[in-house]
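Below is the file protein.cif, which contains mmCIF, C-alpha atoms and all ligand atoms.
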data_final
#
loop_
_atom_site.group_PDB
_atom_site.id
_atom_site.type_symbol
_atom_site.label_atom_id
_atom_site.label_comp_id
_atom_site.auth_asym_id
_atom_site.auth_seq_id
_atom_site.Cartn_x
_atom_site.Cartn_y
_atom_site.Cartn_z
ATOM 1 C CA MET A 1 -5.347 -27.362 5.166
ATOM 2 C CA ARG A 2 -7.897 -29.815 6.562
ATOM 3 C CA ASN A 3 -5.575 -32.725 5.833
ATOM 4 C CA ARG A 4 -2.789 -30.914 7.544
ATOM 5 C CA LEU A 5 -4.991 -30.294 10.548
ATOM 6 C CA LEU A 6 -6.033 -33.944 10.708
ATOM 7 C CA THR A 7 -2.413 -34.941 10.457
ATOM 8 C CA LEU A 8 -1.627 -32.621 13.315
ATOM 9 C CA ILE A 9 -4.385 -34.125 15.430
ATOM 10 C CA ALA A 10 -3.447 -37.698 14.528
ATOM 11 C CA PHE A 11 0.139 -37.089 15.498
ATOM 12 C CA ALA A 12 -0.650 -34.870 18.413
ATOM 13 C CA PHE A 13 1.668 -36.805 20.679
ATOM 14 C CA ILE A 14 4.540 -36.472 18.266
ATOM 15 C CA ALA A 15 3.787 -32.795 17.735
ATOM 16 C CA LEU A 16 3.633 -32.227 21.472
ATOM 17 C CA SER A 17 6.933 -33.923 22.052
ATOM 18 C CA LEU A 18 8.597 -32.086 19.155
ATOM 19 C CA SER A 19 7.360 -28.556 19.603
ATOM 20 C CA GLY A 20 5.834 -28.420 23.040
ATOM 21 C CA GLY A 21 2.400 -28.346 21.431
ATOM 22 C CA ALA A 22 2.570 -24.689 20.484
ATOM 23 C CA GLN A 23 2.041 -25.276 16.790
ATOM 24 C CA ALA A 24 -0.796 -27.755 17.290
ATOM 25 C CA ALA A 25 -2.544 -25.261 19.584
ATOM 26 C CA ASP A 26 -2.043 -22.390 17.120
ATOM 27 C CA GLN A 27 -3.581 -24.369 14.319
ATOM 28 C CA ALA A 28 -6.530 -25.562 16.381
ATOM 29 C CA ASP A 29 -8.975 -23.257 14.581
ATOM 30 C CA GLY A 30 -7.807 -24.662 11.252
ATOM 31 C CA LYS A 31 -7.292 -21.214 9.775
ATOM 32 C CA LEU A 32 -4.342 -20.254 7.672
ATOM 33 C CA LYS A 33 -2.278 -17.578 9.410
ATOM 34 C CA ALA A 34 -1.460 -14.665 7.139
ATOM 35 C CA VAL A 35 0.492 -11.495 7.904
ATOM 36 C CA ALA A 36 0.170 -8.430 5.679
ATOM 37 C CA SER A 37 2.753 -5.658 5.853
ATOM 38 C CA PHE A 38 0.256 -2.769 5.920
ATOM 39 C CA SER A 39 -3.451 -2.084 6.353
ATOM 40 C CA ILE A 40 -4.410 -1.718 2.668
ATOM 41 C CA LEU A 41 -2.883 -5.099 1.863
ATOM 42 C CA GLY A 42 -4.475 -6.596 4.980
ATOM 43 C CA ASP A 43 -7.919 -5.617 3.705
ATOM 44 C CA MET A 44 -7.210 -7.168 0.298
ATOM 45 C CA VAL A 45 -6.042 -10.433 1.894
ATOM 46 C CA LYS A 46 -9.197 -10.534 4.054
ATOM 47 C CA ASN A 47 -11.363 -10.151 0.968
ATOM 48 C CA VAL A 48 -9.671 -13.023 -0.852
ATOM 49 C CA GLY A 49 -9.030 -15.262 2.154
ATOM 50 C CA GLY A 50 -12.494 -14.981 3.693
ATOM 51 C CA ASP A 51 -13.208 -17.440 6.515
ATOM 52 C CA ARG A 52 -10.249 -19.685 5.774
ATOM 53 C CA VAL A 53 -7.626 -17.102 6.687
ATOM 54 C CA GLU A 54 -6.782 -15.179 9.833
ATOM 55 C CA VAL A 55 -5.105 -11.921 8.815
ATOM 56 C CA SER A 56 -2.771 -9.862 11.004
ATOM 57 C CA THR A 57 -1.315 -6.557 9.873
ATOM 58 C CA LEU A 58 2.071 -5.123 10.828
ATOM 59 C CA VAL A 59 1.450 -1.427 10.030
ATOM 60 C CA GLY A 60 -2.132 -0.728 11.078
ATOM 61 C CA PRO A 61 -4.726 1.961 10.219
ATOM 62 C CA ASN A 62 -3.275 5.480 9.881
ATOM 63 C CA GLY A 63 0.187 3.957 10.362
ATOM 64 C CA ASP A 64 3.182 5.027 8.316
ATOM 65 C CA ALA A 65 4.943 2.079 6.670
ATOM 66 C CA HIS A 66 7.842 4.355 5.609
ATOM 67 C CA LEU A 67 8.682 5.044 9.248
ATOM 68 C CA PHE A 68 7.798 1.616 10.646
ATOM 69 C CA SER A 69 10.220 -0.038 12.983
ATOM 70 C CA PRO A 70 9.318 -3.661 13.770
ATOM 71 C CA THR A 71 9.244 -4.775 17.404
ATOM 72 C CA PRO A 72 10.071 -8.211 18.854
ATOM 73 C CA ALA A 73 6.299 -8.781 19.044
ATOM 74 C CA ASP A 74 6.060 -8.241 15.272
ATOM 75 C CA ALA A 75 8.859 -10.766 14.723
ATOM 76 C CA LYS A 76 7.011 -13.248 16.921
ATOM 77 C CA MET A 77 3.787 -12.716 14.976
ATOM 78 C CA LEU A 78 5.594 -13.296 11.679
ATOM 79 C CA ALA A 79 7.352 -16.386 13.018
ATOM 80 C CA GLY A 80 3.953 -18.025 13.583
ATOM 81 C CA ALA A 81 2.582 -17.166 10.123
ATOM 82 C CA ASP A 82 2.056 -19.502 7.169
ATOM 83 C CA ILE A 83 2.198 -16.731 4.575
ATOM 84 C CA PHE A 84 3.503 -13.141 4.486
ATOM 85 C CA PHE A 85 2.157 -10.580 2.013
ATOM 86 C CA VAL A 86 4.263 -7.524 1.209
ATOM 87 C CA ASN A 87 3.941 -4.717 -1.313
ATOM 88 C CA GLY A 88 7.516 -4.823 -2.639
ATOM 89 C CA LEU A 89 8.968 -2.070 -4.889
ATOM 90 C CA GLY A 90 11.085 -0.986 -1.914
ATOM 91 C CA PHE A 91 8.089 0.024 0.215
ATOM 92 C CA GLU A 92 9.014 -2.171 3.174
ATOM 93 C CA GLY A 93 12.658 -1.147 3.698
ATOM 94 C CA TRP A 94 12.522 -2.932 7.052
ATOM 95 C CA MET A 95 11.312 -6.251 5.653
ATOM 96 C CA GLU A 96 14.526 -8.230 5.298
ATOM 97 C CA ARG A 97 15.665 -7.377 8.786
ATOM 98 C CA LEU A 98 12.310 -8.458 10.179
ATOM 99 C CA GLU A 99 12.260 -11.668 8.167
ATOM 100 C CA ASN A 100 15.725 -12.580 9.386
ATOM 101 C CA ALA A 101 14.981 -11.668 12.980
ATOM 102 C CA SER A 102 11.787 -13.709 13.010
ATOM 103 C CA GLY A 103 13.136 -16.873 11.391
ATOM 104 C CA PHE A 104 9.988 -16.864 9.239
ATOM 105 C CA THR A 105 9.831 -20.018 7.109
ATOM 106 C CA GLY A 106 6.432 -19.584 5.420
ATOM 107 C CA ALA A 107 5.614 -18.352 1.945
ATOM 108 C CA LEU A 108 6.476 -14.774 0.942
ATOM 109 C CA VAL A 109 4.191 -13.113 -1.616
ATOM 110 C CA VAL A 110 5.265 -9.839 -3.270
ATOM 111 C CA THR A 111 1.829 -8.578 -4.248
ATOM 112 C CA SER A 112 3.050 -5.922 -6.698
ATOM 113 C CA GLY A 113 4.686 -8.627 -8.845
ATOM 114 C CA GLY A 114 3.751 -7.988 -12.482
ATOM 115 C CA VAL A 115 2.917 -4.306 -11.944
ATOM 116 C CA MET A 116 4.525 -1.900 -14.402
ATOM 117 C CA PRO A 117 6.475 0.330 -12.001
ATOM 118 C CA ILE A 118 6.715 4.081 -12.434
ATOM 119 C CA THR A 119 9.669 5.973 -11.038
ATOM 120 C CA MET A 120 9.876 8.788 -8.552
ATOM 121 C CA GLU A 121 12.670 11.038 -7.399
ATOM 122 C CA GLU A 122 14.512 9.707 -4.454
ATOM 123 C CA ASP A 123 14.767 11.819 -1.332
ATOM 124 C CA ASP A 124 17.894 11.484 0.730
ATOM 125 C CA HIS A 125 15.605 10.292 3.492
ATOM 126 C CA HIS A 126 16.583 6.669 3.683
ATOM 127 C CA HIS A 127 19.383 5.225 5.691
ATOM 128 C CA GLU A 128 22.224 4.520 3.306
ATOM 129 C CA ALA A 129 21.933 0.759 3.496
ATOM 130 C CA GLU A 130 18.239 0.910 2.680
ATOM 131 C CA ALA A 131 18.764 3.238 -0.246
ATOM 132 C CA ALA A 132 21.360 0.888 -1.697
ATOM 133 C CA ASP A 133 19.009 -1.988 -1.133
ATOM 134 C CA GLU A 134 16.202 -0.198 -2.920
ATOM 135 C CA ARG A 135 18.358 0.600 -5.897
ATOM 136 C CA GLY A 136 19.463 -2.993 -6.131
ATOM 137 C CA HIS A 137 15.828 -3.991 -5.971
ATOM 138 C CA VAL A 138 14.872 -1.619 -8.762
ATOM 139 C CA GLU A 139 17.645 -2.885 -11.005
ATOM 140 C CA HIS A 140 16.530 -6.406 -10.350
ATOM 141 C CA GLU A 141 12.822 -5.785 -10.911
ATOM 142 C CA ALA A 142 12.961 -3.536 -13.924
ATOM 143 C CA ALA A 143 16.105 -3.889 -15.974
ATOM 144 C CA GLU A 144 15.885 -0.486 -17.543
ATOM 145 C CA ASP A 145 17.919 2.673 -17.540
ATOM 146 C CA HIS A 146 17.367 5.030 -14.685
ATOM 147 C CA ASP A 147 19.235 7.862 -13.092
ATOM 148 C CA ALA A 148 20.805 7.195 -9.770
ATOM 149 C CA ASP A 149 18.235 9.461 -8.100
ATOM 150 C CA GLN A 150 15.220 7.733 -9.612
ATOM 151 C CA ILE A 151 13.692 4.845 -7.712
ATOM 152 C CA ALA A 152 10.589 2.726 -8.267
ATOM 153 C CA ASP A 153 7.500 4.375 -6.826
ATOM 154 C CA PRO A 154 6.061 1.824 -4.378
ATOM 155 C CA HIS A 155 2.510 3.282 -4.171
ATOM 156 C CA ALA A 156 1.168 1.079 -6.992
ATOM 157 C CA TRP A 157 -2.105 0.249 -5.167
ATOM 158 C CA GLN A 158 -3.324 3.788 -5.912
ATOM 159 C CA ASN A 159 -4.243 2.578 -9.410
ATOM 160 C CA LEU A 160 -7.168 0.134 -9.176
ATOM 161 C CA TYR A 161 -5.918 -1.760 -12.226
ATOM 162 C CA ASN A 162 -2.789 -2.543 -10.203
ATOM 163 C CA GLY A 163 -5.050 -3.443 -7.281
ATOM 164 C CA GLU A 164 -6.450 -6.197 -9.483
ATOM 165 C CA ILE A 165 -2.909 -7.512 -10.052
ATOM 166 C CA TYR A 166 -2.370 -7.510 -6.272
ATOM 167 C CA VAL A 167 -5.595 -9.491 -5.776
ATOM 168 C CA ARG A 168 -4.596 -12.132 -8.328
ATOM 169 C CA ASN A 169 -1.191 -12.485 -6.660
ATOM 170 C CA ILE A 170 -2.869 -12.838 -3.259
ATOM 171 C CA ARG A 171 -5.259 -15.474 -4.647
ATOM 172 C CA ASP A 172 -2.423 -17.476 -6.215
ATOM 173 C CA GLY A 173 -0.293 -17.195 -3.068
ATOM 174 C CA LEU A 174 -3.111 -18.512 -0.887
ATOM 175 C CA ILE A 175 -3.827 -21.386 -3.276
ATOM 176 C CA ALA A 176 -0.141 -22.346 -3.269
ATOM 177 C CA VAL A 177 -0.052 -22.796 0.523
ATOM 178 C CA ASP A 178 -3.653 -24.029 0.913
ATOM 179 C CA PRO A 179 -4.647 -25.888 -2.266
ATOM 180 C CA GLU A 180 -7.823 -27.222 -0.655
ATOM 181 C CA GLY A 181 -9.145 -23.666 -0.479
ATOM 182 C CA LYS A 182 -8.688 -23.127 -4.212
ATOM 183 C CA GLU A 183 -12.385 -22.850 -5.051
ATOM 184 C CA THR A 184 -13.058 -20.503 -2.160
ATOM 185 C CA TYR A 185 -10.133 -18.236 -2.998
ATOM 186 C CA GLU A 186 -11.058 -18.164 -6.671
ATOM 187 C CA ALA A 187 -14.692 -17.314 -5.934
ATOM 188 C CA ASN A 188 -13.763 -14.636 -3.374
ATOM 189 C CA ALA A 189 -11.225 -13.114 -5.760
ATOM 190 C CA GLU A 190 -13.715 -13.050 -8.609
ATOM 191 C CA THR A 191 -16.306 -11.183 -6.529
ATOM 192 C CA TYR A 192 -13.693 -8.764 -5.254
ATOM 193 C CA LEU A 193 -12.176 -8.155 -8.708
ATOM 194 C CA ALA A 194 -15.619 -7.271 -10.053
ATOM 195 C CA ALA A 195 -16.057 -4.706 -7.258
ATOM 196 C CA ILE A 196 -12.623 -3.215 -7.947
ATOM 197 C CA GLU A 197 -13.411 -2.955 -11.649
ATOM 198 C CA ALA A 198 -16.700 -1.208 -10.895
ATOM 199 C CA GLU A 199 -14.891 1.257 -8.630
ATOM 200 C CA ASP A 200 -12.314 1.912 -11.361
ATOM 201 C CA LYS A 201 -15.156 2.892 -13.713
ATOM 202 C CA ALA A 202 -16.680 5.120 -11.029
ATOM 203 C CA VAL A 203 -13.357 6.903 -10.430
ATOM 204 C CA ARG A 204 -12.879 7.533 -14.156
ATOM 205 C CA ALA A 205 -16.410 8.871 -14.507
ATOM 206 C CA ALA A 206 -15.996 11.220 -11.513
ATOM 207 C CA ILE A 207 -12.646 12.634 -12.662
ATOM 208 C CA ALA A 208 -13.946 13.053 -16.225
ATOM 209 C CA LYS A 209 -16.559 15.489 -14.891
ATOM 210 C CA LEU A 210 -13.901 17.867 -13.513
ATOM 211 C CA PRO A 211 -12.824 20.806 -15.680
ATOM 212 C CA GLU A 212 -9.452 19.878 -17.197
ATOM 213 C CA SER A 213 -7.783 23.072 -15.990
ATOM 214 C CA ARG A 214 -8.589 22.134 -12.396
ATOM 215 C CA ARG A 215 -7.187 18.613 -12.430
ATOM 216 C CA LYS A 216 -4.082 19.597 -10.454
ATOM 217 C CA ILE A 217 -3.462 19.181 -6.751
ATOM 218 C CA ILE A 218 -0.719 19.303 -4.138
ATOM 219 C CA THR A 219 -0.280 16.478 -1.631
ATOM 220 C CA SER A 220 2.255 16.295 1.158
ATOM 221 C CA HIS A 221 4.217 13.234 0.053
ATOM 222 C CA ASP A 222 4.567 11.697 -3.361
ATOM 223 C CA ALA A 223 2.018 8.874 -2.962
ATOM 224 C CA PHE A 224 -0.370 9.514 -5.837
ATOM 225 C CA GLY A 225 1.817 9.113 -8.921
ATOM 226 C CA TYR A 226 -0.007 5.963 -10.022
ATOM 227 C CA PHE A 227 -3.374 7.534 -9.255
ATOM 228 C CA GLY A 228 -2.552 10.630 -11.277
ATOM 229 C CA ASN A 229 -1.244 8.611 -14.238
ATOM 230 C CA ALA A 230 -4.213 6.274 -14.264
ATOM 231 C CA TYR A 231 -6.981 8.813 -13.787
ATOM 232 C CA GLY A 232 -5.612 11.956 -15.386
ATOM 233 C CA LEU A 233 -4.756 14.182 -12.477
ATOM 234 C CA GLU A 234 -1.550 16.166 -12.050
ATOM 235 C CA ILE A 235 -0.236 15.649 -8.555
ATOM 236 C CA ILE A 236 2.652 17.586 -7.090
ATOM 237 C CA ALA A 237 4.300 16.798 -3.760
ATOM 238 C CA PRO A 238 7.053 18.627 -1.873
ATOM 239 C CA THR A 239 8.604 15.369 -0.615
ATOM 240 C CA ALA A 240 8.839 11.829 -1.934
ATOM 241 C CA SER A 241 8.601 10.238 1.465
ATOM 242 C CA THR A 242 7.002 10.859 4.826
ATOM 243 C CA GLU A 243 10.446 10.495 6.395
ATOM 244 C CA SER A 244 11.952 13.640 4.966
ATOM 245 C CA GLU A 245 11.217 17.292 5.508
ATOM 246 C CA ALA A 246 10.772 19.484 2.473
ATOM 247 C CA SER A 247 13.622 21.955 2.050
ATOM 248 C CA ALA A 248 12.947 25.703 1.965
ATOM 249 C CA GLN A 249 13.751 25.535 -1.743
ATOM 250 C CA ASP A 250 11.194 22.774 -2.334
ATOM 251 C CA VAL A 251 8.541 24.783 -0.537
ATOM 252 C CA ALA A 252 9.340 27.982 -2.446
ATOM 253 C CA LYS A 253 9.148 26.047 -5.712
ATOM 254 C CA ILE A 254 5.739 24.608 -4.847
ATOM 255 C CA ILE A 255 4.410 28.005 -3.830
ATOM 256 C CA ARG A 256 5.576 29.462 -7.146
ATOM 257 C CA GLN A 257 4.013 26.541 -9.002
ATOM 258 C CA ILE A 258 0.648 26.927 -7.265
ATOM 259 C CA ARG A 259 0.537 30.611 -8.237
ATOM 260 C CA GLU A 260 1.738 30.182 -11.818
ATOM 261 C CA GLU A 261 -0.402 27.165 -12.620
ATOM 262 C CA HIS A 262 -3.416 28.225 -10.567
ATOM 263 C CA ILE A 263 -3.505 24.956 -8.671
ATOM 264 C CA PRO A 264 -6.816 25.060 -6.843
ATOM 265 C CA ALA A 265 -6.305 22.825 -3.823
ATOM 266 C CA VAL A 266 -3.826 21.163 -1.506
ATOM 267 C CA PHE A 267 -4.667 17.912 0.249
ATOM 268 C CA LEU A 268 -3.611 16.545 3.591
ATOM 269 C CA GLU A 269 -2.842 12.870 4.074
ATOM 270 C CA ASN A 270 -3.721 10.604 6.931
ATOM 271 C CA VAL A 271 -0.091 9.584 7.358
ATOM 272 C CA THR A 272 1.600 12.980 7.278
ATOM 273 C CA ASP A 273 1.916 16.101 9.354
ATOM 274 C CA ARG A 274 -0.382 18.907 8.220
ATOM 275 C CA ARG A 275 1.681 21.953 9.191
ATOM 276 C CA LEU A 276 3.631 22.317 5.951
ATOM 277 C CA LEU A 277 0.522 22.103 3.782
ATOM 278 C CA ASP A 278 -1.354 24.544 5.992
ATOM 279 C CA ARG A 279 1.504 27.001 5.498
ATOM 280 C CA ILE A 280 1.558 26.498 1.727
ATOM 281 C CA ALA A 281 -2.211 26.941 1.567
ATOM 282 C CA SER A 282 -2.186 30.143 3.596
ATOM 283 C CA GLU A 283 0.667 31.662 1.561
ATOM 284 C CA THR A 284 -0.955 30.912 -1.787
ATOM 285 C CA GLY A 285 -4.650 31.096 -1.093
ATOM 286 C CA ALA A 286 -5.116 27.530 -2.379
ATOM 287 C CA LYS A 287 -7.779 25.782 -0.402
ATOM 288 C CA VAL A 288 -7.176 22.787 1.825
ATOM 289 C CA GLY A 289 -9.281 20.157 0.102
ATOM 290 C CA GLY A 290 -9.471 17.683 2.945
ATOM 291 C CA THR A 291 -7.586 14.517 3.782
ATOM 292 C CA LEU A 292 -6.577 11.865 1.278
ATOM 293 C CA TYR A 293 -5.830 8.326 2.401
ATOM 294 C CA SER A 294 -2.544 7.352 0.802
ATOM 295 C CA ASP A 295 -0.497 4.660 2.512
ATOM 296 C CA ALA A 296 -2.924 3.452 5.174
ATOM 297 C CA LEU A 297 -6.625 2.937 5.781
ATOM 298 C CA SER A 298 -8.575 4.759 8.474
ATOM 299 C CA ASP A 299 -9.747 2.846 11.513
ATOM 300 C CA LYS A 300 -13.101 1.054 11.339
ATOM 301 C CA ASP A 301 -15.168 4.118 12.212
ATOM 302 C CA GLY A 302 -13.269 6.450 9.879
ATOM 303 C CA PRO A 303 -14.078 7.328 6.267
ATOM 304 C CA ALA A 304 -11.718 4.808 4.617
ATOM 305 C CA PRO A 305 -11.767 1.490 6.492
ATOM 306 C CA THR A 306 -11.284 -0.607 3.321
ATOM 307 C CA TYR A 307 -9.322 -0.367 0.065
ATOM 308 C CA LEU A 308 -12.465 0.417 -1.921
ATOM 309 C CA ASP A 309 -13.738 2.892 0.695
ATOM 310 C CA MET A 310 -10.386 4.652 0.428
ATOM 311 C CA PHE A 311 -10.984 5.329 -3.283
ATOM 312 C CA LYS A 312 -14.578 6.410 -2.680
ATOM 313 C CA HIS A 313 -13.467 8.829 0.019
ATOM 314 C CA ASN A 314 -10.476 10.194 -1.915
ATOM 315 C CA VAL A 315 -12.451 10.758 -5.102
ATOM 316 C CA GLY A 316 -15.253 12.376 -3.111
ATOM 317 C CA ALA A 317 -12.768 14.804 -1.541
ATOM 318 C CA LEU A 318 -11.104 15.534 -4.895
ATOM 319 C CA THR A 319 -14.340 16.211 -6.744
ATOM 320 C CA ALA A 320 -15.705 18.365 -3.909
ATOM 321 C CA ALA A 321 -12.597 20.559 -3.978
ATOM 322 C CA LEU A 322 -11.955 20.677 -7.717
ATOM 323 C CA SER A 323 -15.368 20.822 -9.348
ATOM 324 C CA SER A 324 -15.901 24.490 -8.604
HETATM 325 ZN ZN ZN B 401 4.164 6.683 0.902
#

Will you turn the file into structure tokens for me?
Amino acid sequence: MRNRLLTLIAFAFIALSLSGGAQAADQADGKLKAVASFSILGDMVKNVGGDRVEVSTLVGPNGDAHLFSPTPADAKMLAGADIFFVNGLGFEGWMERLENASGFTGALVVTSGGVMPITMEEDDHHHEAEAADERGHVEHEAAEDHDADQIADPHAWQNLYNGEIYVRNIRDGLIAVDPEGKETYEANAETYLAAIEAEDKAVRAAIAKLPESRRKIITSHDAFGYFGNAYGLEIIAPTASTESEASAQDVAKIIRQIREEHIPAVFLENVTDRRLLDRIASETGAKVGGTLYSDALSDKDGPAPTYLDMFKHNVGALTAALSS
């Protein structure tokens, strides 16, 4: 990075004549320019990149990446980036279009690479082209049998063990484009990985205290499959995606399930509409256990401004609602 900067300064005249000086001016602070597709990933990249990296995020706090539609300004931001971090597993259905529109030529890092994907039922919420794309992606990533209506669940960050895989991929991606920062990225990643591991222990300890019969909740979209698998909670959602509306049949089925299985609480999410869950809660007498952060962080002043804060907040809400 420093060498590159020096080279840019040394050949400032050439750079100016070739590119009108825009690139040289952009790089004047010497920081690597990273773009993350959504807020949770942006926080992870900040933790690993530290002072060497300037991080911009496409889908910000409380934003819904499922419904995101990139603007020309987003394409411009990506065009100026050195490295682009995405979740993968079909989460960013809009990614290829954006990449093509922007003419991005930097490094692309799929942070979920190496995660063992779980599957979820596909809603008919996606545009046809995107659904086909996602299926192709699944076949490519995990060469295993699956029904046509099963797709990879993209919400892998909801298991902290997977979060550690993301962090290692981020670290390696940064080192690949900025080898001079290797020591910094390795040290930052090590500190961050230790914090994630500690949080993983804390989550396990908190869930273990809940009575087993109460470890069942309803959320509005199917974002907590990895969380439930990792930490031993049964999580039921009327829809797989924030883009689709639950059918009357889906809702009736959930209401029946809450009554039969005595599911104690339903949870809102920061990225979804609360009306459906309010209705389900009032029809069944299940309590509304608060808001879980699923696909996006809160803003700075909210309860979940970082990846680790998100877990602390979510587990706090779960234990408050389910312990008695
Ligand atoms: Zn989601």

Leaving out segment 245-259 of chain A and any residue of its chain fewer than 2 positions from it, which residues lie within 9 Å of it when counting all atoms listed in the file, given as a ChimeraX atom specification?
/A:125,217-218,236-239,241-243,261-265,276,280-281,283-286

Counting all atoms listed in the file, what are the residues, protein, DNA or RNA alike, that approach ligand ZN 401 (chain B) to within 10 Å? I want them as a PyMOL selection string.
chain A and resi 64-67+91+153-155+220-224+239-243+269+271-272+294-296

With distances taken over all atoms listed in the file, which of A:Ala208, A:Ala195, A:Ile165, A:Leu268 is nearest to Ser323 of chain A?
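Looking only at the distances to Ser323 of chain A, the closest residue turns out to be A:Ala208.
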
Could you state which residues are captured by the PyMOL selection byres (((chain A and resi 74) around 12) and not hetatm) in this file, as an mmCIF file with C-alpha atoms, in the coordinates of the input?
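And here is the file that came out, result_32.cif:
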data_model
loop_
_atom_site.group_PDB
_atom_site.id
_atom_site.type_symbol
_atom_site.label_atom_id
_atom_site.label_comp_id
_atom_site.auth_asym_id
_atom_site.auth_seq_id
_atom_site.Cartn_x
_atom_site.Cartn_y
_atom_site.Cartn_z
ATOM 1 C CA VAL A 35 0.492 -11.495 7.904
ATOM 2 C CA ALA A 36 0.170 -8.430 5.679
ATOM 3 C CA SER A 37 2.753 -5.658 5.853
ATOM 4 C CA SER A 56 -2.771 -9.862 11.004
ATOM 5 C CA THR A 57 -1.315 -6.557 9.873
ATOM 6 C CA LEU A 58 2.071 -5.123 10.828
ATOM 7 C CA VAL A 59 1.450 -1.427 10.030
ATOM 8 C CA GLY A 60 -2.132 -0.728 11.078
ATOM 9 C CA PHE A 68 7.798 1.616 10.646
ATOM 10 C CA SER A 69 10.220 -0.038 12.983
ATOM 11 C CA PRO A 70 9.318 -3.661 13.770
ATOM 12 C CA THR A 71 9.244 -4.775 17.404
ATOM 13 C CA PRO A 72 10.071 -8.211 18.854
ATOM 14 C CA ALA A 73 6.299 -8.781 19.044
ATOM 15 C CA ALA A 75 8.859 -10.766 14.723
ATOM 16 C CA LYS A 76 7.011 -13.248 16.921
ATOM 17 C CA MET A 77 3.787 -12.716 14.976
ATOM 18 C CA LEU A 78 5.594 -13.296 11.679
ATOM 19 C CA ALA A 79 7.352 -16.386 13.018
ATOM 20 C CA GLY A 80 3.953 -18.025 13.583
ATOM 21 C CA ALA A 81 2.582 -17.166 10.123
ATOM 22 C CA TRP A 94 12.522 -2.932 7.052
ATOM 23 C CA MET A 95 11.312 -6.251 5.653
ATOM 24 C CA ARG A 97 15.665 -7.377 8.786
ATOM 25 C CA LEU A 98 12.310 -8.458 10.179
ATOM 26 C CA GLU A 99 12.260 -11.668 8.167
ATOM 27 C CA ALA A 101 14.981 -11.668 12.980
ATOM 28 C CA SER A 102 11.787 -13.709 13.010
ATOM 29 C CA GLY A 103 13.136 -16.873 11.391
ATOM 30 C CA PHE A 104 9.988 -16.864 9.239
#

Leaving out Asn162 of chain A and any residue of its chain fewer than 5 positions from it, which residues lie within 9 Å of it when counting only C-alpha atoms, given as a ChimeraX atom specification?
/A:112,114-116,156-157,167,226

Taking the file as I've supplied it (selection: the PyMOL selection byres (((chain A and resi 174) around 12) and not hetatm)), which residues are included? Please answer as a PyMOL selection string.
chain A and resi 1+31-35+45-50+52-55+82-85+106-109+111+167-173+175-186+188-189

Who sits within 9 Å of Gly113 of chain A, all atoms listed in the file, same chain under 5 positions skipped, as JSON, numbers by chain
{"A": [87, 88, 89, 141, 165, 166, 169]}

Using Å and a single decimal, report how far atom CA of Glu96 of chain A sits from atom CA of Asp149 of chain A.
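If I compute the distance from atom CA of Asp149 of chain A to atom CA of Glu96 of chain A, I get 22.5 Å.
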
Please evaluate the PyMOL selection byres (((chain A and resi 297) around 9) and not hetatm) against the displayed coordinates and give the resulting residues as a ChimeraX atom specification.
/A:38-40,43,60-63,270,293-296,298-300,302-307,309-310

Go ahead and compute the interatomic distance for atom CA of Tyr161 of chain A and atom CA of Leu193 of chain A, in Å to one decimal.
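Computing the Euclidean distance for atom CA of Tyr161 of chain A and atom CA of Leu193 of chain A yields 9.6 Å.
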
From the list A:Glu164, A:Leu210, A:Asp51, A:Lys312, which residue is nearest Glu190 of chain A when using only C-alpha atoms?
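Nearest candidate to Glu190 of chain A out of A:Glu164, A:Leu210, A:Asp51, A:Lys312: A:Glu164.
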
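Proximity ranking of A:Gly232, A:Gly93, A:Gly290, A:Gly225 relative to His313 of chain A places A:Gly290 first, based on all atoms listed in the file.
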
One decimal, in Å: what's the spacing between atom CA of Leu322 of chain A and atom CA of Asp273 of chain A?
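So the answer is 22.5 Å.
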
Skip Ala152 of chain A itself and residues of its chain fewer than 4 positions away, then list as a ChimeraX atom specification all residues within 7 Å of it, counting only C-alpha atoms.
/A:89,117-120,138

Fix up segment 197-202 of chain A with N, CA, C and O atoms, then write it as a JSON list (two decimals), keeping the file's coordinate frame.
[["chain", "number", "residue", "atom", "x", "y", "z"],
["A", 197, "GLU", "N", -13.21, -3.45, -10.29],
["A", 197, "GLU", "CA", -13.41, -2.96, -11.65],
["A", 197, "GLU", "C", -14.53, -1.91, -11.70],
["A", 197, "GLU", "O", -14.42, -0.90, -12.39],
["A", 198, "ALA", "N", -15.58, -2.17, -10.95],
["A", 198, "ALA", "CA", -16.70, -1.21, -10.90],
["A", 198, "ALA", "C", -16.23, 0.12, -10.31],
["A", 198, "ALA", "O", -16.60, 1.20, -10.78],
["A", 199, "GLU", "N", -15.40, 0.04, -9.26],
["A", 199, "GLU", "CA", -14.89, 1.26, -8.63],
["A", 199, "GLU", "C", -13.98, 2.01, -9.60],
["A", 199, "GLU", "O", -14.00, 3.24, -9.65],
["A", 200, "ASP", "N", -13.19, 1.29, -10.37],
["A", 200, "ASP", "CA", -12.31, 1.91, -11.36],
["A", 200, "ASP", "C", -13.15, 2.73, -12.36],
["A", 200, "ASP", "O", -12.80, 3.88, -12.68],
["A", 201, "LYS", "N", -14.26, 2.16, -12.80],
["A", 201, "LYS", "CA", -15.16, 2.89, -13.71],
["A", 201, "LYS", "C", -15.71, 4.14, -13.04],
["A", 201, "LYS", "O", -15.80, 5.22, -13.64],
["A", 202, "ALA", "N", -16.10, 3.99, -11.77],
["A", 202, "ALA", "CA", -16.68, 5.12, -11.03],
["A", 202, "ALA", "C", -15.66, 6.25, -10.88],
["A", 202, "ALA", "O", -16.01, 7.44, -11.00]]
